[in-house]
file input06.cif (mmCIF, C-alpha atoms)
data_entry
#
loop_
_atom_site.label_atom_id
_atom_site.label_comp_id
_atom_site.auth_asym_id
_atom_site.auth_seq_id
_atom_site.Cartn_x
_atom_site.Cartn_y
_atom_site.Cartn_z
CA MET A 1407 8.10 -14.53 10.17
CA SER A 1408 11.32 -12.68 9.33
CA ILE A 1409 11.37 -9.97 6.65
CA PRO A 1410 14.21 -9.91 4.09
CA VAL A 1411 14.88 -6.37 2.83
CA LEU A 1412 16.59 -5.46 -0.44
CA LEU A 1413 19.02 -2.53 -0.33
CA PHE A 1414 20.42 -0.47 -3.19
CA ALA A 1415 22.98 2.25 -3.93
CA SER A 1416 23.64 4.55 -0.95
CA TYR A 1417 21.53 2.42 1.41
CA ALA A 1418 23.50 -0.70 0.49
CA ASP A 1419 26.65 1.29 1.31
CA ALA A 1420 25.16 2.50 4.62
CA PHE A 1421 24.31 -1.00 5.84
CA GLY A 1422 27.27 -2.67 4.14
CA THR A 1423 25.05 -5.25 2.43
CA ARG A 1424 22.54 -5.58 -0.39
CA ARG A 1425 20.12 -7.73 1.58
CA LEU A 1426 19.41 -7.99 5.29
CA ILE A 1427 16.85 -9.52 7.63
CA ALA A 1428 14.83 -6.87 9.49
CA PRO A 1429 14.71 -7.23 13.30
CA VAL A 1430 10.91 -7.26 13.20
CA GLY A 1431 8.41 -9.92 12.17
CA ALA A 1432 5.64 -9.95 9.54
CA PRO A 1433 2.95 -8.82 9.54
CA CYS A 1434 3.91 -5.26 10.43
CA ASP A 1435 3.51 -1.86 8.81
CA VAL A 1436 6.13 -0.08 6.70
CA ALA A 1437 6.82 2.56 9.37
CA SER A 1438 7.60 -0.13 11.97
CA LEU A 1439 9.94 -1.88 9.56
CA VAL A 1440 11.82 1.36 8.92
CA GLU A 1441 12.16 2.07 12.64
CA SER A 1442 13.54 -1.43 13.21
CA LEU A 1443 16.14 -0.88 10.47
CA ARG A 1444 17.17 2.43 12.02
CA ALA A 1445 18.40 0.53 15.09
CA LEU A 1446 20.85 -1.52 12.99
CA PRO A 1447 24.48 -0.46 12.34
CA GLY A 1448 24.32 2.10 9.52
CA GLY A 1449 20.59 2.72 10.09
CA SER A 1450 21.20 6.21 11.45
CA ARG A 1451 22.11 7.26 7.89
CA LEU A 1452 18.50 6.73 6.71
CA PRO A 1453 16.48 9.90 6.06
CA ALA A 1454 13.36 10.69 8.12
CA GLN A 1455 10.99 8.89 5.75
CA PRO A 1456 12.80 6.60 3.33
CA LEU A 1457 10.81 5.28 0.39
CA VAL A 1458 9.79 1.64 0.54
CA ALA A 1459 8.52 -0.67 -2.19
CA LEU A 1460 6.36 -3.72 -1.55
CA ASN A 1461 6.28 -6.30 -4.31
CA ARG A 1462 7.84 -3.77 -6.70
CA LYS A 1463 5.22 -1.05 -6.04
CA TRP A 1464 5.61 2.14 -3.99
CA ALA A 1465 4.22 1.62 -0.47
CA ALA A 1466 2.78 4.11 2.06
CA ALA A 1467 4.03 4.23 5.68
CA ASP A 1468 0.86 2.53 6.91
CA ALA A 1469 0.91 -0.28 4.33
CA THR A 1470 1.07 -3.77 5.86
CA ILE A 1471 3.94 -6.11 5.08
CA GLN A 1472 2.88 -9.74 4.89
CA ALA A 1473 5.11 -12.78 5.14
CA GLY A 1474 6.66 -13.48 1.74
CA ASP A 1475 6.34 -9.90 0.41
CA GLU A 1476 9.30 -8.56 -1.55
CA VAL A 1477 10.43 -5.55 0.49
CA ALA A 1478 12.91 -2.96 -0.80
CA LEU A 1479 14.25 0.21 0.76
CA ILE A 1480 14.55 2.80 -2.01
CA PRO A 1481 17.11 5.64 -1.92
CA PRO A 1482 16.18 8.93 -3.64
CA VAL A 1483 15.95 7.99 -7.31
CA ALA A 1484 18.30 9.60 -9.82
CA GLY A 1485 17.81 7.92 -13.17
CA GLY A 1486 18.17 9.55 -16.55
CA MET B 831 2.49 -36.59 -19.10
CA ALA B 832 3.27 -32.89 -19.21
CA ASP B 833 6.25 -31.93 -21.32
CA VAL B 834 8.73 -30.30 -18.98
CA SER B 835 11.61 -30.46 -21.44
CA GLY B 836 13.27 -27.37 -22.88
CA SER B 837 11.01 -27.24 -25.90
CA GLY B 838 7.83 -27.34 -23.78
CA ALA B 839 9.09 -24.62 -21.47
CA SER B 840 10.16 -22.47 -24.38
CA ALA B 841 6.73 -22.87 -26.04
CA LEU B 842 5.11 -21.62 -22.81
CA ARG B 843 7.54 -18.71 -22.61
CA SER B 844 6.88 -17.86 -26.24
CA ALA B 845 3.11 -17.83 -25.66
CA ALA B 846 3.58 -15.50 -22.66
CA ASP B 847 5.78 -13.17 -24.72
CA ASP B 848 3.19 -13.02 -27.48
CA ALA B 849 0.44 -12.11 -24.98
CA SER B 850 2.59 -9.37 -23.47
CA THR B 851 3.37 -7.96 -26.90
CA ALA B 852 -0.32 -7.89 -27.83
CA ASP B 853 -1.16 -5.95 -24.64
CA ASP B 854 1.62 -3.48 -25.24
CA ARG B 855 0.56 -2.85 -28.81
CA ALA B 856 -2.97 -2.06 -27.64
CA THR B 857 -1.55 0.85 -25.59
CA GLY B 858 1.19 1.87 -28.00
CA VAL B 859 4.02 0.68 -25.72
CA ARG B 860 6.39 -0.98 -28.19
CA HIS B 861 9.47 -1.64 -26.07
CA VAL B 862 10.64 -1.16 -22.45
CA ALA B 863 13.97 -2.46 -21.16
CA ILE B 864 16.87 -2.10 -18.75
CA VAL B 865 20.09 -3.06 -20.54
CA SER B 866 23.76 -3.36 -19.62
CA ASP B 867 25.16 -2.86 -23.11
CA VAL B 868 25.28 0.15 -25.43
CA ILE B 869 21.76 1.28 -26.36
CA ASP B 870 21.01 0.64 -30.03
CA ILE B 871 19.32 3.87 -31.11
CA THR B 872 18.51 2.64 -34.62
CA ALA B 873 16.74 -0.42 -33.20
CA LEU B 874 14.86 1.80 -30.74
CA LEU B 875 13.60 4.04 -33.57
CA ALA B 876 12.57 0.96 -35.56
CA GLN B 877 10.37 -0.09 -32.61
CA VAL B 878 8.15 2.97 -33.10
CA ALA B 879 8.22 3.04 -36.91
CA ASP B 880 4.79 2.78 -38.52
CA ALA B 881 3.15 3.95 -41.74
CA GLY B 882 0.85 6.26 -39.77
CA ILE B 883 3.70 8.04 -37.97
CA GLY B 884 4.53 11.57 -39.12
CA ALA B 885 6.82 12.64 -36.29
CA THR B 886 9.26 10.84 -34.01
CA SER B 887 10.87 12.54 -31.03
CA LEU B 888 14.05 10.97 -29.67
CA PHE B 889 15.33 11.94 -26.20
CA LEU B 890 18.83 10.84 -25.22
CA GLY B 891 20.30 11.30 -21.77
CA THR B 892 24.11 11.32 -21.89
CA VAL B 893 26.89 11.38 -19.28
CA ARG B 894 28.40 14.87 -19.09
CA ASP B 895 31.87 15.76 -17.92
CA VAL B 896 30.98 18.26 -15.17
CA ASN B 897 28.37 18.25 -12.39
CA ASP B 898 28.08 20.94 -9.72
CA GLY B 899 31.48 22.24 -10.73
CA ARG B 900 33.27 18.89 -10.31
CA ALA B 901 34.99 17.14 -13.19
CA VAL B 902 33.22 13.82 -13.87
CA THR B 903 34.96 10.90 -15.58
CA GLY B 904 31.99 8.52 -15.64
CA ILE B 905 28.81 7.38 -13.92
CA GLU B 906 27.83 4.00 -12.54
CA TYR B 907 24.10 3.34 -12.87
CA GLU B 908 22.35 0.85 -10.61
CA ALA B 909 18.70 -0.21 -10.85
CA TYR B 910 16.17 -2.26 -8.92
CA GLU B 911 15.71 -3.86 -12.28
CA THR B 912 12.37 -5.65 -11.97
CA MET B 913 10.62 -2.66 -10.41
CA ALA B 914 12.38 -0.18 -12.70
CA GLU B 915 11.09 -2.03 -15.76
CA ASP B 916 7.57 -2.19 -14.30
CA GLU B 917 7.65 1.52 -13.48
CA MET B 918 9.02 2.51 -16.90
CA ARG B 919 6.29 0.42 -18.52
CA ALA B 920 3.63 2.11 -16.35
CA ILE B 921 4.93 5.55 -17.37
CA ALA B 922 4.90 4.58 -21.05
CA GLU B 923 1.37 3.19 -20.73
CA GLU B 924 0.16 6.38 -19.03
CA ALA B 925 1.65 8.46 -21.85
CA CYS B 926 -0.07 6.30 -24.46
CA LEU B 927 -3.41 6.42 -22.65
CA ALA B 928 -3.15 10.23 -22.45
CA VAL B 929 -2.29 10.56 -26.14
CA PRO B 930 -4.17 8.19 -28.46
CA GLY B 931 -2.06 7.07 -31.38
CA LEU B 932 1.25 7.50 -29.52
CA LEU B 933 3.94 4.82 -29.91
CA VAL B 934 6.67 4.61 -27.26
CA ALA B 935 9.97 2.79 -26.72
CA VAL B 936 12.09 3.36 -23.59
CA VAL B 937 15.48 1.88 -22.68
CA HIS B 938 17.69 2.69 -19.67
CA ARG B 939 21.24 1.42 -19.38
CA VAL B 940 22.95 0.28 -16.15
CA GLY B 941 26.60 -0.32 -15.32
CA THR B 942 29.57 1.99 -15.68
CA LEU B 943 29.27 4.59 -18.46
CA GLN B 944 31.92 6.95 -19.77
CA VAL B 945 31.42 10.64 -20.55
CA GLY B 946 29.34 11.01 -23.71
CA GLU B 947 27.67 7.61 -23.51
CA VAL B 948 23.86 7.33 -23.65
CA SER B 949 22.25 6.33 -20.34
CA VAL B 950 18.60 6.60 -21.36
CA ALA B 951 16.80 6.70 -24.70
CA ILE B 952 13.14 7.48 -25.29
CA ALA B 953 11.42 7.37 -28.69
CA ALA B 954 7.90 8.83 -28.89
CA ALA B 955 6.13 8.71 -32.23
CA HIS B 956 2.81 10.09 -33.40
CA ALA B 957 1.04 11.23 -36.53
CA ARG B 958 1.73 14.84 -35.46
CA ARG B 959 4.84 16.53 -34.06
CA ALA B 960 3.44 18.23 -30.95
CA PRO B 961 2.22 15.03 -29.24
CA ALA B 962 5.48 13.28 -30.14
CA VAL B 963 7.73 16.02 -28.69
CA ASP B 964 5.54 16.68 -25.65
CA SER B 965 5.26 12.98 -24.79
CA ALA B 966 9.03 12.42 -24.89
CA ARG B 967 9.38 15.28 -22.36
CA THR B 968 6.59 13.91 -20.16
CA ILE B 969 8.16 10.45 -20.11
CA ILE B 970 11.69 11.56 -19.18
CA GLU B 971 10.38 13.81 -16.40
CA ALA B 972 8.29 10.97 -14.93
CA LEU B 973 11.20 8.55 -15.27
CA LYS B 974 13.48 10.82 -13.27
CA GLN B 975 10.87 11.07 -10.49
CA ARG B 976 9.56 7.52 -10.25
CA VAL B 977 11.91 4.88 -11.61
CA PRO B 978 14.22 3.21 -9.04
CA ILE B 979 17.56 3.87 -10.71
CA TRP B 980 20.58 5.48 -9.04
CA LYS B 981 23.83 6.95 -10.25
CA GLN B 982 27.20 7.20 -8.61
CA GLU B 983 29.40 9.85 -10.13
CA HIS B 984 33.11 9.14 -10.51
CA TYR B 985 35.19 12.31 -10.23
CA MET B 986 38.52 13.27 -11.73
CA ASP B 987 40.09 13.38 -8.23
CA GLY B 988 39.18 9.71 -7.60
CA ASP B 989 36.25 10.47 -5.29
CA ARG B 990 32.82 8.88 -5.86
CA ALA B 991 29.35 9.96 -4.70
CA TRP B 992 25.75 8.82 -5.13
CA VAL B 993 23.67 11.56 -6.70
CA ASP B 994 20.88 12.69 -4.36
CA PRO B 995 18.37 14.96 -6.14
CA ILE B 996 16.64 15.69 -2.82
CA ALA B 997 19.78 16.96 -1.11
CA VAL B 998 20.76 19.02 -4.15
CA GLY B 999 17.34 20.38 -5.09
CA GLY B 1000 16.01 20.94 -1.57
CA GLN B 1001 12.91 18.85 -2.18
CA ARG B 1002 11.82 15.76 -4.09
CA GLY B 1003 11.45 16.31 -7.78
CA VAL B 1004 13.34 19.58 -8.14
CA GLN B 1005 15.43 19.50 -11.29
CA ARG B 1006 19.16 19.85 -11.14
#

call {"tool": "encode", "arguments": {"input": "input06.cif", "output": "C-alpha coordinates"}}
result
Amino acid sequence: MSIPVLLFASYADAFGTRRLIAPVGAPCDVASLVESLRALPGGSRLPAQPLVALNRKWAAADATIQAGDEVALIPPVAGG
Amino acid sequence: MADVSGSGASALRSAADDASTADDRATGVRHVAIVSDVIDITALLAQVADAGIGATSLFLGTVRDVNDGRAVTGIEYEAYETMAEDEMRAIAEEACLAVPGLLVAVVHRVGTLQVGEVSVAIAAAHARRAPAVDSARTIIEALKQRVPIWKQEHYMDGDRAWVDPIAVGGQRGVQR
(Lines of atoms letter the chains of each structure in order from A and count residues from 1; the text may use other names and numbers.)
(Lines give C-alpha, C1' and ligand atoms only; values in the text may rest on other atoms or scores of the structure.)
Protein backbone atom coordinates (compact mmCIF):
# COMPACT_ATOMS: atom_id res chain seq x y z
CA MET A 1 0.00 0.00 0.00
CA SER A 2 1.57 3.30 -1.06
CA ILE A 3 2.08 6.12 1.45
CA PRO A 4 1.15 9.70 0.49
CA VAL A 5 3.28 12.25 2.36
CA LEU A 6 2.36 15.89 2.99
CA LEU A 7 5.18 18.43 2.66
CA PHE A 8 5.34 22.00 3.92
CA ALA A 9 7.51 25.12 3.75
CA SER A 10 11.21 24.36 3.16
CA TYR A 11 10.55 20.65 2.60
CA ALA A 12 7.96 21.42 -0.07
CA ASP A 13 10.60 23.62 -1.73
CA ALA A 14 13.24 20.85 -1.44
CA PHE A 15 11.07 18.22 -3.14
CA GLY A 16 9.32 20.69 -5.46
CA THR A 17 5.87 19.48 -4.40
CA ARG A 18 3.44 19.65 -1.49
CA ARG A 19 2.48 15.98 -1.66
CA LEU A 20 4.35 12.93 -2.88
CA ILE A 21 4.07 9.15 -2.79
CA ALA A 22 6.86 7.55 -0.73
CA PRO A 23 8.83 4.76 -2.49
CA VAL A 24 8.01 2.37 0.35
CA GLY A 25 4.84 0.50 1.28
CA ALA A 26 2.72 0.47 4.45
CA PRO A 27 3.08 -0.85 7.02
CA CYS A 28 6.57 0.44 7.75
CA ASP A 29 8.17 2.50 10.51
CA VAL A 30 8.80 6.24 10.40
CA ALA A 31 12.59 5.83 10.10
CA SER A 32 12.19 3.62 7.00
CA LEU A 33 9.84 6.13 5.42
CA VAL A 34 12.34 8.94 5.98
CA GLU A 35 15.19 6.90 4.47
CA SER A 36 13.07 6.15 1.40
CA LEU A 37 12.36 9.87 0.95
CA ARG A 38 16.06 10.67 1.23
CA ALA A 39 16.64 8.72 -1.99
CA LEU A 40 14.27 10.98 -3.96
CA PRO A 41 15.40 14.14 -5.80
CA GLY A 42 15.69 16.86 -3.14
CA GLY A 43 15.79 14.29 -0.31
CA SER A 44 19.44 15.01 0.44
CA ARG A 45 18.30 18.37 1.85
CA LEU A 46 16.49 16.66 4.76
CA PRO A 47 18.19 16.93 8.17
CA ALA A 48 19.43 13.81 9.99
CA GLN A 49 16.16 13.24 11.84
CA PRO A 50 13.28 15.22 10.37
CA LEU A 51 10.11 15.44 12.44
CA VAL A 52 7.17 13.37 11.25
CA ALA A 53 3.49 13.58 12.18
CA LEU A 54 1.09 10.66 11.93
CA ASN A 55 -2.59 11.54 11.86
CA ARG A 56 -1.74 15.07 13.05
CA LYS A 57 0.26 13.91 16.10
CA TRP A 58 4.04 13.92 16.57
CA ALA A 59 5.48 10.46 15.80
CA ALA A 60 8.65 8.72 17.05
CA ALA A 61 11.14 7.12 14.62
CA ASP A 62 9.95 3.63 15.56
CA ALA A 63 6.23 4.40 15.19
CA THR A 64 4.45 2.23 12.60
CA ILE A 65 2.72 3.77 9.61
CA GLN A 66 -0.43 1.91 8.61
CA ALA A 67 -2.22 2.09 5.29
CA GLY A 68 -4.49 5.14 5.26
CA ASP A 69 -2.57 7.11 7.91
CA GLU A 70 -2.11 10.82 7.27
CA VAL A 71 1.66 11.25 7.10
CA ALA A 72 3.38 14.65 7.15
CA LEU A 73 7.05 15.60 7.12
CA ILE A 74 7.46 18.59 9.44
CA PRO A 75 10.22 21.20 8.97
CA PRO A 76 11.58 22.94 12.09
CA VAL A 77 8.61 24.93 13.37
CA ALA A 78 8.81 28.71 13.55
CA GLY A 79 5.41 30.06 14.50
CA GLY A 80 4.73 33.16 16.54
CA MET B 1 -35.74 8.23 5.46
CA ALA B 2 -32.78 10.14 6.84
CA ASP B 3 -32.71 13.83 6.05
CA VAL B 4 -29.57 14.43 4.04
CA SER B 5 -30.60 17.89 2.90
CA GLY B 6 -28.74 21.03 3.88
CA SER B 7 -30.88 21.66 6.93
CA GLY B 8 -30.29 18.15 8.31
CA ALA B 9 -26.56 18.38 7.78
CA SER B 10 -26.42 21.80 9.36
CA ALA B 11 -28.38 20.57 12.41
CA LEU B 12 -25.79 17.79 12.84
CA ARG B 13 -22.94 20.26 12.47
CA SER B 14 -24.57 22.59 14.97
CA ALA B 15 -24.92 19.78 17.52
CA ALA B 16 -21.23 18.89 17.07
CA ASP B 17 -20.22 22.54 17.54
CA ASP B 18 -22.25 22.78 20.72
CA ALA B 19 -20.58 19.65 22.14
CA SER B 20 -17.13 20.99 21.31
CA THR B 21 -17.94 24.32 22.95
CA ALA B 22 -19.14 22.59 26.12
CA ASP B 23 -15.89 20.58 26.35
CA ASP B 24 -13.79 23.67 25.83
CA ARG B 25 -15.64 25.62 28.49
CA ALA B 26 -15.00 22.84 31.00
CA THR B 27 -11.24 23.42 30.56
CA GLY B 28 -11.35 27.17 30.10
CA VAL B 29 -10.37 27.04 26.40
CA ARG B 30 -12.69 29.64 24.87
CA HIS B 31 -11.34 29.96 21.33
CA VAL B 32 -8.58 28.44 19.14
CA ALA B 33 -8.18 29.25 15.46
CA ILE B 34 -5.90 29.62 12.45
CA VAL B 35 -7.10 32.57 10.35
CA SER B 36 -6.08 34.20 7.09
CA ASP B 37 -7.51 37.65 7.83
CA VAL B 38 -6.52 40.37 10.29
CA ILE B 39 -6.88 39.13 13.88
CA ASP B 40 -9.71 40.89 15.69
CA ILE B 41 -8.16 41.69 19.08
CA THR B 42 -11.38 43.09 20.56
CA ALA B 43 -13.26 39.90 19.68
CA LEU B 44 -10.42 37.82 21.14
CA LEU B 45 -10.61 39.72 24.45
CA ALA B 46 -14.39 39.30 24.50
CA GLN B 47 -13.87 35.50 24.30
CA VAL B 48 -12.20 35.50 27.73
CA ALA B 49 -14.41 38.14 29.37
CA ASP B 50 -16.24 36.92 32.47
CA ALA B 51 -17.56 38.46 35.67
CA GLY B 52 -15.03 36.48 37.71
CA ILE B 53 -12.02 37.73 35.74
CA GLY B 54 -9.80 40.30 37.45
CA ALA B 55 -6.83 40.26 35.08
CA THR B 56 -6.40 39.65 31.36
CA SER B 57 -2.99 39.28 29.76
CA LEU B 58 -2.79 39.86 26.01
CA PHE B 59 0.28 38.69 24.06
CA LEU B 60 0.68 39.89 20.48
CA GLY B 61 3.38 38.68 18.12
CA THR B 62 4.06 41.22 15.37
CA VAL B 63 6.21 41.28 12.22
CA ARG B 64 9.33 43.37 12.82
CA ASP B 65 11.39 45.14 10.20
CA VAL B 66 14.80 43.61 10.96
CA ASN B 67 15.95 40.04 11.67
CA ASP B 68 19.58 39.02 12.12
CA GLY B 69 20.65 42.35 10.72
CA ARG B 70 18.64 42.03 7.48
CA ALA B 71 15.88 44.45 6.56
CA VAL B 72 12.55 42.58 6.45
CA THR B 73 9.59 43.82 4.41
CA GLY B 74 7.14 41.09 5.39
CA ILE B 75 6.66 37.47 6.42
CA GLU B 76 4.67 34.69 4.80
CA TYR B 77 3.24 32.27 7.36
CA GLU B 78 2.31 28.72 6.39
CA ALA B 79 0.64 26.15 8.65
CA TYR B 80 -0.29 22.49 8.63
CA GLU B 81 -3.64 23.88 9.60
CA THR B 82 -5.49 20.88 11.01
CA MET B 83 -2.55 19.77 13.17
CA ALA B 84 -1.66 23.33 14.13
CA GLU B 85 -5.18 23.90 15.47
CA ASP B 86 -5.11 20.59 17.35
CA GLU B 87 -1.71 21.42 18.85
CA MET B 88 -2.72 24.97 19.83
CA ARG B 89 -5.84 23.55 21.47
CA ALA B 90 -3.74 20.97 23.37
CA ILE B 91 -1.42 23.73 24.62
CA ALA B 92 -4.38 25.85 25.74
CA GLU B 93 -5.95 22.85 27.49
CA GLU B 94 -2.68 22.07 29.30
CA ALA B 95 -2.46 25.68 30.49
CA CYS B 96 -6.03 25.56 31.78
CA LEU B 97 -5.50 22.22 33.53
CA ALA B 98 -2.36 23.62 35.21
CA VAL B 99 -4.14 26.78 36.34
CA PRO B 100 -7.74 26.29 37.52
CA GLY B 101 -9.95 29.23 36.65
CA LEU B 102 -7.87 30.26 33.61
CA LEU B 103 -9.67 31.29 30.41
CA VAL B 104 -7.73 31.19 27.14
CA ALA B 105 -8.18 32.31 23.53
CA VAL B 106 -5.46 31.76 20.90
CA VAL B 107 -5.42 32.81 17.23
CA HIS B 108 -2.56 32.50 14.71
CA ARG B 109 -2.69 34.13 11.31
CA VAL B 110 -1.33 32.65 8.06
CA GLY B 111 -0.60 34.22 4.69
CA THR B 112 1.56 37.21 3.84
CA LEU B 113 1.86 39.83 6.60
CA GLN B 114 3.43 43.26 6.43
CA VAL B 115 5.74 44.80 9.04
CA GLY B 116 3.74 45.71 12.14
CA GLU B 117 0.90 43.28 11.54
CA VAL B 118 -0.14 40.82 14.26
CA SER B 119 0.75 37.20 13.51
CA VAL B 120 -0.36 35.62 16.78
CA ALA B 121 -2.62 36.75 19.62
CA ILE B 122 -3.07 35.06 22.98
CA ALA B 123 -5.51 36.21 25.67
CA ALA B 124 -5.18 34.60 29.11
CA ALA B 125 -7.60 35.67 31.80
CA HIS B 126 -7.86 34.81 35.48
CA ALA B 127 -9.19 36.19 38.73
CA ARG B 128 -5.60 37.20 39.62
CA ARG B 129 -2.86 38.87 37.58
CA ALA B 130 0.05 36.48 38.14
CA PRO B 131 -1.65 33.39 36.65
CA ALA B 132 -2.92 35.47 33.74
CA VAL B 133 0.51 36.93 32.85
CA ASP B 134 2.42 33.70 33.49
CA SER B 135 -0.01 31.62 31.42
CA ALA B 136 0.23 33.91 28.39
CA ARG B 137 4.03 33.45 28.51
CA THR B 138 3.74 29.68 28.92
CA ILE B 139 1.38 29.42 25.95
CA ILE B 140 3.48 31.47 23.50
CA GLU B 141 6.64 29.55 24.43
CA ALA B 142 4.90 26.19 23.87
CA LEU B 143 3.37 27.43 20.63
CA LYS B 144 6.78 28.37 19.24
CA GLN B 145 8.13 24.90 20.09
CA ARG B 146 5.25 22.62 19.13
CA VAL B 147 2.84 24.11 16.62
CA PRO B 148 3.52 23.27 12.94
CA ILE B 149 3.68 26.79 11.53
CA TRP B 150 6.51 28.18 9.41
CA LYS B 151 7.56 31.62 8.29
CA GLN B 152 9.38 32.78 5.22
CA GLU B 153 10.96 36.18 5.61
CA HIS B 154 10.89 38.57 2.66
CA TYR B 155 13.93 40.86 2.64
CA MET B 156 14.42 44.37 1.32
CA ASP B 157 16.90 43.06 -1.30
CA GLY B 158 14.24 40.73 -2.79
CA ASP B 159 15.65 37.54 -1.24
CA ARG B 160 13.41 35.15 0.73
CA ALA B 161 14.28 32.52 3.35
CA TRP B 162 12.44 30.08 5.61
CA VAL B 163 13.24 30.77 9.25
CA ASP B 164 14.97 27.80 10.87
CA PRO B 165 15.19 28.19 14.67
CA ILE B 166 17.42 25.10 14.88
CA ALA B 167 20.03 26.43 12.47
CA VAL B 168 20.01 29.85 14.13
CA GLY B 169 19.85 28.76 17.77
CA GLY B 170 22.13 25.73 17.51
CA GLN B 171 19.54 23.40 18.99
CA ARG B 172 15.79 22.88 19.03
CA GLY B 173 13.94 25.32 21.19
CA VAL B 174 16.63 27.95 21.63
CA GLN B 175 15.09 31.40 21.42
CA ARG B 176 16.18 33.83 18.77

call {"tool": "residues_around", "arguments": {"input": "input06.cif", "residues": "segment 977-985 of chain B", "least_positions_apart": "4", "cutoff": "9 Å", "atoms": "only C-alpha atoms", "output": "tab-separated table (two decimals) with C-alpha atoms, keeping the file's coordinate frame"}}
result
chain	number	residue	atom	x	y	z
A	1414	PHE	CA	20.42	-0.47	-3.19
A	1415	ALA	CA	22.98	2.25	-3.93
A	1416	SER	CA	23.64	4.55	-0.95
A	1480	ILE	CA	14.55	2.80	-2.01
A	1481	PRO	CA	17.11	5.64	-1.92
A	1482	PRO	CA	16.18	8.93	-3.64
A	1483	VAL	CA	15.95	7.99	-7.31
A	1484	ALA	CA	18.30	9.60	-9.82
A	1485	GLY	CA	17.81	7.92	-13.17
A	1486	GLY	CA	18.17	9.55	-16.55
B	896	VAL	CA	30.98	18.26	-15.17
B	897	ASN	CA	28.37	18.25	-12.39
B	900	ARG	CA	33.27	18.89	-10.31
B	901	ALA	CA	34.99	17.14	-13.19
B	902	VAL	CA	33.22	13.82	-13.87
B	903	THR	CA	34.96	10.90	-15.58
B	904	GLY	CA	31.99	8.52	-15.64
B	905	ILE	CA	28.81	7.38	-13.92
B	906	GLU	CA	27.83	4.00	-12.54
B	907	TYR	CA	24.10	3.34	-12.87
B	908	GLU	CA	22.35	0.85	-10.61
B	909	ALA	CA	18.70	-0.21	-10.85
B	910	TYR	CA	16.17	-2.26	-8.92
B	911	GLU	CA	15.71	-3.86	-12.28
B	913	MET	CA	10.62	-2.66	-10.41
B	914	ALA	CA	12.38	-0.18	-12.70
B	915	GLU	CA	11.09	-2.03	-15.76
B	916	ASP	CA	7.57	-2.19	-14.30
B	917	GLU	CA	7.65	1.52	-13.48
B	918	MET	CA	9.02	2.51	-16.90
B	940	VAL	CA	22.95	0.28	-16.15
B	972	ALA	CA	8.29	10.97	-14.93
B	973	LEU	CA	11.20	8.55	-15.27
B	989	ASP	CA	36.25	10.47	-5.29
B	990	ARG	CA	32.82	8.88	-5.86
B	991	ALA	CA	29.35	9.96	-4.70
B	992	TRP	CA	25.75	8.82	-5.13
B	993	VAL	CA	23.67	11.56	-6.70
B	994	ASP	CA	20.88	12.69	-4.36

call {"tool": "residues_around", "arguments": {"input": "input06.cif", "residues": "Thr892 of chain B", "least_positions_apart": "2", "cutoff": "10 Å", "atoms": "all atoms listed in the file", "output": "PyMOL selection string"}}
result
(chain A and resi 1486) or (chain B and resi 889-890+894-895+943-951)

call {"tool": "resolve_selection", "arguments": {"input": "input06.cif", "expression": "the PyMOL selection byres ((chain A and resi 1460) around 9)", "output": "MDAnalysis selection string"}}
result
chainID A and resid 1458:1459 1461:1465 1469 1471 1475:1478

call {"tool": "write_last_selection", "arguments": {"input": "input06.cif", "atoms": "C-alpha atoms", "output": "PDB file, in the coordinates of the input"}}
result
ATOM      1  CA  VAL A1458       9.790   1.640   0.540  1.00  0.00           C
ATOM      2  CA  ALA A1459       8.520  -0.670  -2.190  1.00  0.00           C
ATOM      3  CA  ASN A1461       6.280  -6.300  -4.310  1.00  0.00           C
ATOM      4  CA  ARG A1462       7.840  -3.770  -6.700  1.00  0.00           C
ATOM      5  CA  LYS A1463       5.220  -1.050  -6.040  1.00  0.00           C
ATOM      6  CA  TRP A1464       5.610   2.140  -3.990  1.00  0.00           C
ATOM      7  CA  ALA A1465       4.220   1.620  -0.470  1.00  0.00           C
ATOM      8  CA  ALA A1469       0.910  -0.280   4.330  1.00  0.00           C
ATOM      9  CA  ILE A1471       3.940  -6.110   5.080  1.00  0.00           C
ATOM     10  CA  ASP A1475       6.340  -9.900   0.410  1.00  0.00           C
ATOM     11  CA  GLU A1476       9.300  -8.560  -1.550  1.00  0.00           C
ATOM     12  CA  VAL A1477      10.430  -5.550   0.490  1.00  0.00           C
ATOM     13  CA  ALA A1478      12.910  -2.960  -0.800  1.00  0.00           C
TER      14      ALA A1478
END

call {"tool": "closest_residue", "arguments": {"input": "input06.cif", "among": "A:Val1440, A:Leu1457, A:Ala1467, A:Ala1445", "to": "chain B", "atoms": "all atoms listed in the file"}}
result
A:Leu1457

call {"tool": "residues_around", "arguments": {"input": "input06.cif", "residues": "Arg959 of chain B", "least_positions_apart": "6", "cutoff": "10 Å", "atoms": "all atoms listed in the file", "output": "PyMOL selection string"}}
result
chain B and resi 883-887+965

call {"tool": "closest_residue", "arguments": {"input": "input06.cif", "among": "B:Met986, B:Ala960, B:Val893, B:Ala922", "to": "chain A", "atoms": "all atoms listed in the file"}}
result
B:Val893

call {"tool": "atom_distance", "arguments": {"input": "input06.cif", "atom1": "atom CA of Gln877 of chain B", "atom2": "atom CA of Ala955 of chain B"}}
result
9.8 Å

call {"tool": "residues_around", "arguments": {"input": "input06.cif", "residues": "Ala935 of chain B", "least_positions_apart": "5", "cutoff": "6 Å", "atoms": "only C-alpha atoms", "output": "PyMOL selection string"}}
result
chain B and resi 860-862+952-953

call {"tool": "atom_distance", "arguments": {"input": "input06.cif", "atom1": "atom CA of Asp1435 of chain A", "atom2": "atom CA of Asp1468 of chain A"}}
result
5.5 Å

call {"tool": "atom_distance", "arguments": {"input": "input06.cif", "atom1": "atom CA of Leu932 of chain B", "atom2": "atom CA of Ile869 of chain B"}}
result
21.7 Å

call {"tool": "closest_residue", "arguments": {"input": "input06.cif", "among": "A:Leu1426, A:Ala1454, A:Cys1434, A:Leu1413", "to": "chain B", "atoms": "only C-alpha atoms"}}
result
A:Leu1413
